[in-house]
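**Student:** Structure provided below as structure tokens; questions to follow.
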Amino acid sequence: MEILGHLDPVLRALWYVALTSSLLFLVLTALSFAGFDGDGGGDVDVHAEAPVQMLSLRNLINFLLGFSWTGIAFYHSVGPLWLLLTLSVAVGLVFVLLFFWLLAQLNKLSEDNTFQLENTLYKQAEVYLTIPGGGTGKGKVLVSASGAVHELEAVTYGETLPTGSLVRVTGIENNHLLIVEKL
């Protein structure tokens with residue numbers, strides 16, 4: 001590039017790294033938003049082993065962005081080259097750590113709201129359809145679990161529980177039937 005030809009070799013190298021890493025960052029970001037993240041260093045699983053995740057393409061680009069733009073920004077204001085490079089490496093590492101922190105914060109926003117019958121154990125419920133006593137038949141209860149009210153089949157081995165009775169879930173039978181008792 002003729003535009004960068006007159007610059008000091010170190011500054012010219014920083015500009016080449018900055019422009020290349022910025023272009024790659026924009027392309028990877030656009031591909032991520034379009035849903036084409038692929039295996040090229042895409043999403044980071046913050047629960048995975050750290051050494052594996054630290055060596056991804058995306059982290060390399062984040063490091064190079066921080067490193068190169070810091071070197072360019074402070075090239076004329078920081079005296080010795082070793083100090084400039086140390087500062088640039090530190091900022092590059094901060095960029096990588098910031099990326100990990102941001103992903104950890106985004107992971108906290110995800111929530112598993114899938115309903116699991118085990119979440120109803122020991123919860124209070126209301127009888128919706130009468131439950132015959134002595135385990136002789138099924139009725140239905142309304143129970144709140146996982147942020148929603150669920151209508152589920154239930155059985156009791158005690159006395160008959162009429163509609164509107166308050167009960168407690170004490171067990172699960174055959175992975176689909178709640179065992180309840182009167183409160």
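Lettering and numbering for the structure tokens are positional, with chains as A, B, ... in the shown order, residues counted from 1 in each chain, and ligands counted from 1 in the shown order.
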Could you pull out the residues in region 4-110 of chain A that DSSP calls helix (DSSP H, G or I) from the backbone, as an NGL selection string?

**Tutor:** :A and (9-34 or 50-54 or 57-74 or 81-109)

**Student:** Using only C-alpha atoms, please write the residues we just selected to a file, as a PDB file, in the first residue's frame.

**Tutor:**
```pdb
ATOM      1  CA  PRO A   9       8.362  -0.074   9.673  1.00  0.00           C
ATOM      2  CA  VAL A  10       6.944  -0.809  13.169  1.00  0.00           C
ATOM      3  CA  LEU A  11       4.025   1.592  12.687  1.00  0.00           C
ATOM      4  CA  ARG A  12       3.421   0.228   9.175  1.00  0.00           C
ATOM      5  CA  ALA A  13       3.306  -3.343  10.576  1.00  0.00           C
ATOM      6  CA  LEU A  14       0.838  -2.237  13.264  1.00  0.00           C
ATOM      7  CA  TRP A  15      -1.375  -0.681  10.575  1.00  0.00           C
ATOM      8  CA  TYR A  16      -1.298  -3.878   8.481  1.00  0.00           C
ATOM      9  CA  VAL A  17      -2.245  -5.975  11.520  1.00  0.00           C
ATOM     10  CA  ALA A  18      -4.965  -3.490  12.563  1.00  0.00           C
ATOM     11  CA  LEU A  19      -6.573  -3.316   9.113  1.00  0.00           C
ATOM     12  CA  THR A  20      -6.428  -7.077   8.556  1.00  0.00           C
ATOM     13  CA  SER A  21      -7.761  -7.987  12.011  1.00  0.00           C
ATOM     14  CA  SER A  22     -10.484  -5.319  11.763  1.00  0.00           C
ATOM     15  CA  LEU A  23     -11.627  -6.688   8.409  1.00  0.00           C
ATOM     16  CA  LEU A  24     -11.637 -10.266   9.745  1.00  0.00           C
ATOM     17  CA  PHE A  25     -13.522  -9.109  12.843  1.00  0.00           C
ATOM     18  CA  LEU A  26     -16.201  -7.439  10.700  1.00  0.00           C
ATOM     19  CA  VAL A  27     -16.542 -10.508   8.462  1.00  0.00           C
ATOM     20  CA  LEU A  28     -16.805 -12.921  11.426  1.00  0.00           C
ATOM     21  CA  THR A  29     -19.299 -10.646  13.153  1.00  0.00           C
ATOM     22  CA  ALA A  30     -21.442 -10.401  10.008  1.00  0.00           C
ATOM     23  CA  LEU A  31     -21.311 -14.188   9.576  1.00  0.00           C
ATOM     24  CA  SER A  32     -22.270 -14.688  13.233  1.00  0.00           C
ATOM     25  CA  PHE A  33     -25.294 -12.418  12.884  1.00  0.00           C
ATOM     26  CA  ALA A  34     -26.259 -14.240   9.693  1.00  0.00           C
ATOM     27  CA  ALA A  50      -9.675 -22.663  29.260  1.00  0.00           C
ATOM     28  CA  PRO A  51      -6.536 -23.624  27.254  1.00  0.00           C
ATOM     29  CA  VAL A  52      -8.645 -24.952  24.382  1.00  0.00           C
ATOM     30  CA  GLN A  53     -10.825 -21.854  24.267  1.00  0.00           C
ATOM     31  CA  MET A  54      -7.938 -19.391  24.519  1.00  0.00           C
ATOM     32  CA  LEU A  57      -9.539 -17.718  15.821  1.00  0.00           C
ATOM     33  CA  ARG A  58     -11.973 -15.242  17.362  1.00  0.00           C
ATOM     34  CA  ASN A  59      -9.734 -14.748  20.414  1.00  0.00           C
ATOM     35  CA  LEU A  60      -6.695 -14.279  18.192  1.00  0.00           C
ATOM     36  CA  ILE A  61      -8.556 -11.589  16.255  1.00  0.00           C
ATOM     37  CA  ASN A  62      -9.714  -9.921  19.498  1.00  0.00           C
ATOM     38  CA  PHE A  63      -6.133  -9.909  20.762  1.00  0.00           C
ATOM     39  CA  LEU A  64      -4.775  -8.498  17.503  1.00  0.00           C
ATOM     40  CA  LEU A  65      -7.431  -5.766  17.484  1.00  0.00           C
ATOM     41  CA  GLY A  66      -6.479  -4.572  20.957  1.00  0.00           C
ATOM     42  CA  PHE A  67      -2.758  -4.984  20.299  1.00  0.00           C
ATOM     43  CA  SER A  68      -2.580  -3.206  16.965  1.00  0.00           C
ATOM     44  CA  TRP A  69      -4.948  -0.311  17.620  1.00  0.00           C
ATOM     45  CA  THR A  70      -3.278   0.381  20.972  1.00  0.00           C
ATOM     46  CA  GLY A  71       0.127   0.372  19.257  1.00  0.00           C
ATOM     47  CA  ILE A  72      -1.123   2.820  16.631  1.00  0.00           C
ATOM     48  CA  ALA A  73      -2.863   5.074  19.152  1.00  0.00           C
ATOM     49  CA  PHE A  74       0.160   5.361  21.477  1.00  0.00           C
ATOM     50  CA  LEU A  81       9.349   0.507  21.774  1.00  0.00           C
ATOM     51  CA  TRP A  82       9.419  -2.198  24.472  1.00  0.00           C
ATOM     52  CA  LEU A  83       7.001  -0.148  26.599  1.00  0.00           C
ATOM     53  CA  LEU A  84       4.674   0.371  23.627  1.00  0.00           C
ATOM     54  CA  LEU A  85       4.678  -3.359  22.848  1.00  0.00           C
ATOM     55  CA  THR A  86       4.094  -4.249  26.520  1.00  0.00           C
ATOM     56  CA  LEU A  87       1.139  -1.864  26.684  1.00  0.00           C
ATOM     57  CA  SER A  88      -0.219  -3.230  23.400  1.00  0.00           C
ATOM     58  CA  VAL A  89       0.045  -6.854  24.589  1.00  0.00           C
ATOM     59  CA  ALA A  90      -1.694  -5.935  27.859  1.00  0.00           C
ATOM     60  CA  VAL A  91      -4.583  -4.266  26.037  1.00  0.00           C
ATOM     61  CA  GLY A  92      -4.812  -7.225  23.624  1.00  0.00           C
ATOM     62  CA  LEU A  93      -5.148  -9.590  26.586  1.00  0.00           C
ATOM     63  CA  VAL A  94      -7.780  -7.301  28.128  1.00  0.00           C
ATOM     64  CA  PHE A  95      -9.754  -7.536  24.860  1.00  0.00           C
ATOM     65  CA  VAL A  96      -9.714 -11.358  25.093  1.00  0.00           C
ATOM     66  CA  LEU A  97     -10.695 -11.339  28.777  1.00  0.00           C
ATOM     67  CA  LEU A  98     -13.440  -8.789  28.069  1.00  0.00           C
ATOM     68  CA  PHE A  99     -14.797 -11.095  25.365  1.00  0.00           C
ATOM     69  CA  PHE A 100     -14.900 -14.018  27.832  1.00  0.00           C
ATOM     70  CA  TRP A 101     -16.575 -11.864  30.484  1.00  0.00           C
ATOM     71  CA  LEU A 102     -19.177 -10.649  27.989  1.00  0.00           C
ATOM     72  CA  LEU A 103     -19.996 -14.210  26.935  1.00  0.00           C
ATOM     73  CA  ALA A 104     -20.281 -15.288  30.566  1.00  0.00           C
ATOM     74  CA  GLN A 105     -22.770 -12.472  31.162  1.00  0.00           C
ATOM     75  CA  LEU A 106     -24.760 -13.494  28.081  1.00  0.00           C
ATOM     76  CA  ASN A 107     -24.801 -17.119  29.281  1.00  0.00           C
ATOM     77  CA  LYS A 108     -26.395 -15.973  32.524  1.00  0.00           C
ATOM     78  CA  LEU A 109     -29.317 -14.667  30.484  1.00  0.00           C
TER      79      LEU A 109
END
```

**Student:** Would you kindly return, as a ChimeraX atom specification, each protein, DNA or RNA residue with an atom no farther than 12 Å from any atom of Leu178 (chain A), considering only C-alpha atoms and excluding same-chain residues fewer than 2 positions away?

**Tutor:** /A:117-125,127,131,135,138-143,150-157,167-176,180-181

**Student:** Of the residues A:Tyr75, A:Leu161, A:Pro80, A:Gly147, which is the one nearest to Asp8 (chain A), using only C-alpha atoms?

**Tutor:**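 The closest residue to Asp8 (chain A) is A:Tyr75.
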